[in-house]
Every structure is written in C-alpha cells, then in structure tokens.
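Participant: Dropping the structure in here first, questions after.
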Amino acid sequence: MKNLIYFAFVGLLFASCSEYQKVLNKGTVEQQYAMATKMYEAKKYNKALDLFEKITPTYRGKPQMERIQFMVAQSNFNTKNYDLAGYYFNRFTQNYPKSSKNEEAAFLSAYSYKLASPVFSLDSRDTHKALDAFQSFIDTYPDSKRLPEANTYYQEINYKLQKKAFEIAKVYYTTADYDPTRNYQAAIQAFDNLLEDYLGSAFKEEALYYKLKASHDLALRSTSRRKEERLKEAVQAYEKLKRNFPKTKYLEDSDKMLADLEKEQKQLIKS
C-alpha cells in the first residue's frame with residue numbers, strides 16, 4: 001500500500017511538472033496567466049516568476065497587470081531577491097497609486113531595501129534607498145498601523161548610515177601616517193560632514209573628539225606658514241567638544257591636547 005501511494009504521488013508530481021512545462025513553453029497567454037497564479041498561490045514562486053516574465057508584455061496596460069505586478073514583487077520578496085522586490089513594490093506604488101494594496105506595497109518596498117542593505121561597512125546604496133522609502137512611507141501614511149514599525153526601522157537604518165560615516169572618517173585619521181596632511185584634512189572634513197548630515201548623531205561626541213585629535217595632530221605637524229591658522233582651528237575644535245559635552249569622557253585627553261596647542265601658540269608668539 002505504501003509503495004502504491006508513493007508511486008501515485010510521484011506520478012502526480014511528474015504530471016504536474018509536465019503540465020507546467022507544457023503551459024510554460026506552448027500554452028496560450030491565458031493559460032500561462034492561470035498557471036502563474038496557480039504557482040504563486042502554491043508558493044512555487046520561481047516557477048511563477050518564469051511565467052510572469054512571459055505574460056507581462058501582453059498584459060501591460062490591462063487591468064490584470066495590477067495583480068501581476070504585485071505578485072511579481074511578492075514573489076521576489078519570498079525568494080529573497082530583496083533588491084528586485086524593493087524595485088517592483090516601488091513601481092507598483094507609482095503605477096497604481098489608488099490601489100487598495102498601495103500602503104502594503106510602500107511598506108514592503110522600504111522593508112525589502114532594508115533586507116537588501118549590507119553590513120554598514122559595504123556599499124550602502126540599498127541602505128539609502130531603504131531610508132528614503134521609510135521616510136516616504138512615514139510621510140504618506142501617518143495613520144498607518146505599521147507606523148511604529150516603520151519608525152523603528154528608520155532609526156535602525158539611520159544609525160547604520162551614521163556608523164558607516166563615522167568609521168570612514170575614523171579610517172582617514174588612523175591611516176594619516178601614510179599621507180598626514182591630506183588624511184588629517186580628509187578626516188576633519190568627514191567628521192564635519194557627519195555632524196552636518198546627522199544632527200544629534202549618536203556618534204556626535206566621538207566625532208567631535210576625533211576631529212579635535214585630527215586638528216591637533218595636523219596643527220603640530222604643520223609648517224610655520226600654516227601652523228598659526230591650524231592651531232587656532234584645533235583650539236576651536238576643543239572648545240566645540242567642551243561646549244557640547246562639558247563632562248566628556250575624553251576630557252583628560254582633550255585637556256592634554258589643549259595644553260599642547262597652547263604651548264605651540266606661545267612658542268609662535270616668541271618667535
């Protein structure tokens with residue numbers, strides 16, 4: 001009996017595969033649409049996508065296209081093709097702004113880009129897309145039940161981008177020995193960009209401290225022609241850190257750097 005059931009199952013499986021291949025290769029557009037929907041509902045998303053690819057040119061501009069485009073986006077999401085899912089969900093919101101699924105598509109577009117985004121140290125294009133998409137969702141659907149979730153994801157992504165910006169700036173500082181003047185200046189500018197782009201950044205104290213370090217080291221290594229100006233800028237960096245964080249955890253080291261700077265300024269005056 002068990003063998004009979006097994007062979008019956010295998011027979012049905014082959015018949016199903018045979019039917020799918022027949023429709024895929026030689027079926028009418030209507031048959032392919034019906035089979036694509038059947039594969040989608042059976043959660044056989046890769047097979048559904050192969051069929052959707054075939055029928056899309058025929059249904060473009062027709063009423064069925066709204067459903068097809070959503071299923072294409074959802075199929076990519078369910079097969080973990082998150083960058084494509086984000087793209088297709090976004091296209092859906094643009095093509096069908098009055099659809100009852102528009103809010104869901106907008107959220108899933110942002111969420112797909114979030115899942116597609118790499119760790120902070122790698123290419124951040126999808127991360128930026130996710131941030132923009134969540135901001136758009138928050139602005140467009142302020143009463144959505146998914147608003148708390150969207151806000152949480154937005155904050156997570158924003159932090160990831162801040163961390164990437166901070167680590168890039170820090171690399172300029174830590175590799176300054178290879179090209180001191182250029183890398184210290186690059187570090188200072190990168191920390192300034194971080195503080196300007198992300199007001200109230202979680203990395204603000206660290207960024208101000210490392211900007212002071214870069215400014216301090218650059219000033220001390222400068223030629224006499226540029227030293228006075230750079231010493232002044234380094235002192236200003238110290239004052240900005242103290243103004244924003246009077247009890248900074250870097251106070252002892254910062255005070256030592258200030259003493260170095262003031263000593264150099266006094267020597268310049270004597271000379």
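Residue numbering restarts at 1 in every chain; chains get A, B, ... in the order shown in the structure tokens, and ligands count up from 1 in that same order.
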If you count only C-alpha atoms, which residues fall within 12 Å of segment 81-87 of chain A, apart from same-chain ones fewer than 5 positions away, as number ranges by chain?

Facilitator: A: 45-46, 49, 69-76, 92-94, 104-118, 125-127, 129-130, 132-134

Participant: Neighbouring residues of Leu208 of chain A were defined as those with any atom within 9 Å, considering only C-alpha atoms; residues of the same chain fewer than 6 positions away were excluded. Please report them as a VMD selection string.

Facilitator: chain A and resid 191 to 192 195 237 to 238 240 to 241 244

Participant: Return the single residue from A:Lys170, A:Lys98, A:Lys266, A:Arg226 that is closest to Asn183 of chain A, with distances computed using only C-alpha atoms.

Facilitator: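 Nearest candidate to Asn183 of chain A out of A:Lys170, A:Lys98, A:Lys266, A:Arg226: A:Lys170.
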
Participant: Which residues are close to segment 27-38 of chain A, i.e. within 10 Å by only C-alpha atoms, leaving aside same-chain residues fewer than 4 positions away? Reply as a list in words.

Facilitator: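 Near neighbours after the sequence-gap exclusion: Glu19, Tyr20, Gln21, Lys22, Val23, Ala42, Lys43, Lys44, Tyr45, Asn46, Lys47, Ala48, Leu49, Asp50, Leu51, Phe52, Glu53, Lys54, Ile55, Thr56, Thr58, Tyr59, Gln64, Arg67, Ile68, Met71 and Val72 of chain A.
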
Participant: Closest to Thr174 of chain A among A:Ala207, A:Ala150, A:Ala214, A:Leu220, using only C-alpha atoms?

Facilitator: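 Among A:Ala207, A:Ala150, A:Ala214, A:Leu220, it is A:Ala214 that comes nearest to Thr174 of chain A.
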
Participant: Just give me the gap between atom CA of Asp260 of chain A and atom CA of Ala190 of chain A in Å, one decimal is fine.

Facilitator: 23.8 Å

Participant: So that I can check the secondary structure, give me every residue of segment 25-247 of chain A assigned alpha helix (DSSP H) by backbone DSSP, as a PyMOL selection string.

Facilitator: chain A and resi 25-26+29-41+45-59+64-78+82-95+102-116+125-140+147-174+180-197+204-221+224-244

Participant: Which residue out of A:Phe245, A:Phe137, A:Leu24, A:Val235 has the minimum interatomic distance to Glu149 of chain A when only C-alpha atoms are used?

Facilitator: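 Among the listed residues, A:Phe137 lies closest to Glu149 of chain A.
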
Participant: I need the residue nearest Glu252 of chain A from this list: A:Tyr209, A:Leu161, A:Pro63, A:Pro57. Use only C-alpha atoms for the distance.

Facilitator: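 Checking each of A:Tyr209, A:Leu161, A:Pro63, A:Pro57 against Glu252 of chain A, counting only C-alpha atoms, the winner is A:Tyr209.
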
Participant: Name the closest residue to Tyr210 of chain A among the candidates A:Asp139, A:Glu103, A:Glu41, A:Glu167; distances are taken between atoms, counting only C-alpha atoms.

Facilitator: A:Glu167

Participant: Skip Met257 of chain A itself and residues of its chain fewer than 4 positions away, then list as a list in words all residues within 7 Å of it, counting only C-alpha atoms.

Facilitator: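 Here the answer would be His216, Asp253 and Leu261 of chain A.
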
Participant: May I have the residues from that selection written out with N, CA and C atoms, as a compact mmCIF listing (two decimals), in the first residue's frame?

Facilitator:
```txt
# COMPACT_ATOMS: atom_id res chain seq x y z
N HIS A 216 44.43 68.64 16.04
CA HIS A 216 45.62 68.76 16.90
C HIS A 216 46.85 68.21 16.20
N ASP A 253 42.18 63.48 27.99
CA ASP A 253 42.99 63.50 26.77
C ASP A 253 42.81 64.83 26.03
N LEU A 261 48.53 72.53 22.32
CA LEU A 261 48.20 73.59 21.37
C LEU A 261 48.58 74.97 21.92
```

Participant: If we count only C-alpha atoms, what is near Thr181 of chain A at a cut-off of 10 Å, once residues fewer than 2 positions away on the same chain are taken out, given as JSON, numbers by chain?

Facilitator: {"A": [176, 177, 178, 179, 183, 184, 185, 186, 214, 217, 218, 219, 221, 222]}

Participant: Those residues you just picked out, can you put them in a file as a compact mmCIF listing (two decimals), in the first residue's frame with C-alpha atoms?

Facilitator:
```txt
# COMPACT_ATOMS: atom_id res chain seq x y z
CA ALA A 176 47.13 59.54 8.43
CA ASP A 177 50.77 58.44 8.74
CA TYR A 178 50.69 57.42 5.06
CA ASP A 179 49.84 60.97 3.98
CA ASN A 183 44.40 62.39 5.52
CA TYR A 184 44.09 64.65 8.57
CA GLN A 185 42.26 67.20 6.43
CA ALA A 186 40.06 64.44 4.96
CA ALA A 214 42.95 65.21 13.75
CA ASP A 217 47.89 66.36 15.02
CA LEU A 218 47.63 68.35 11.80
CA ALA A 219 48.50 71.60 13.55
CA ARG A 221 52.86 68.73 12.01
CA SER A 222 52.25 71.89 10.01
```

Participant: Neighbouring residues of Glu228 of chain A were defined as those with any atom within 9 Å, considering only C-alpha atoms; residues of the same chain fewer than 3 positions away were excluded. Please report them as a PyMOL selection string.

Facilitator: chain A and resi 219+222+224-225+231-233+264-265+268

Participant: Could you check how far atom CA of Leu194 of chain A sits from atom CA of Lys163 of chain A, in Å to one decimal?

Facilitator: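 These two atoms are separated by 9.4 Å.
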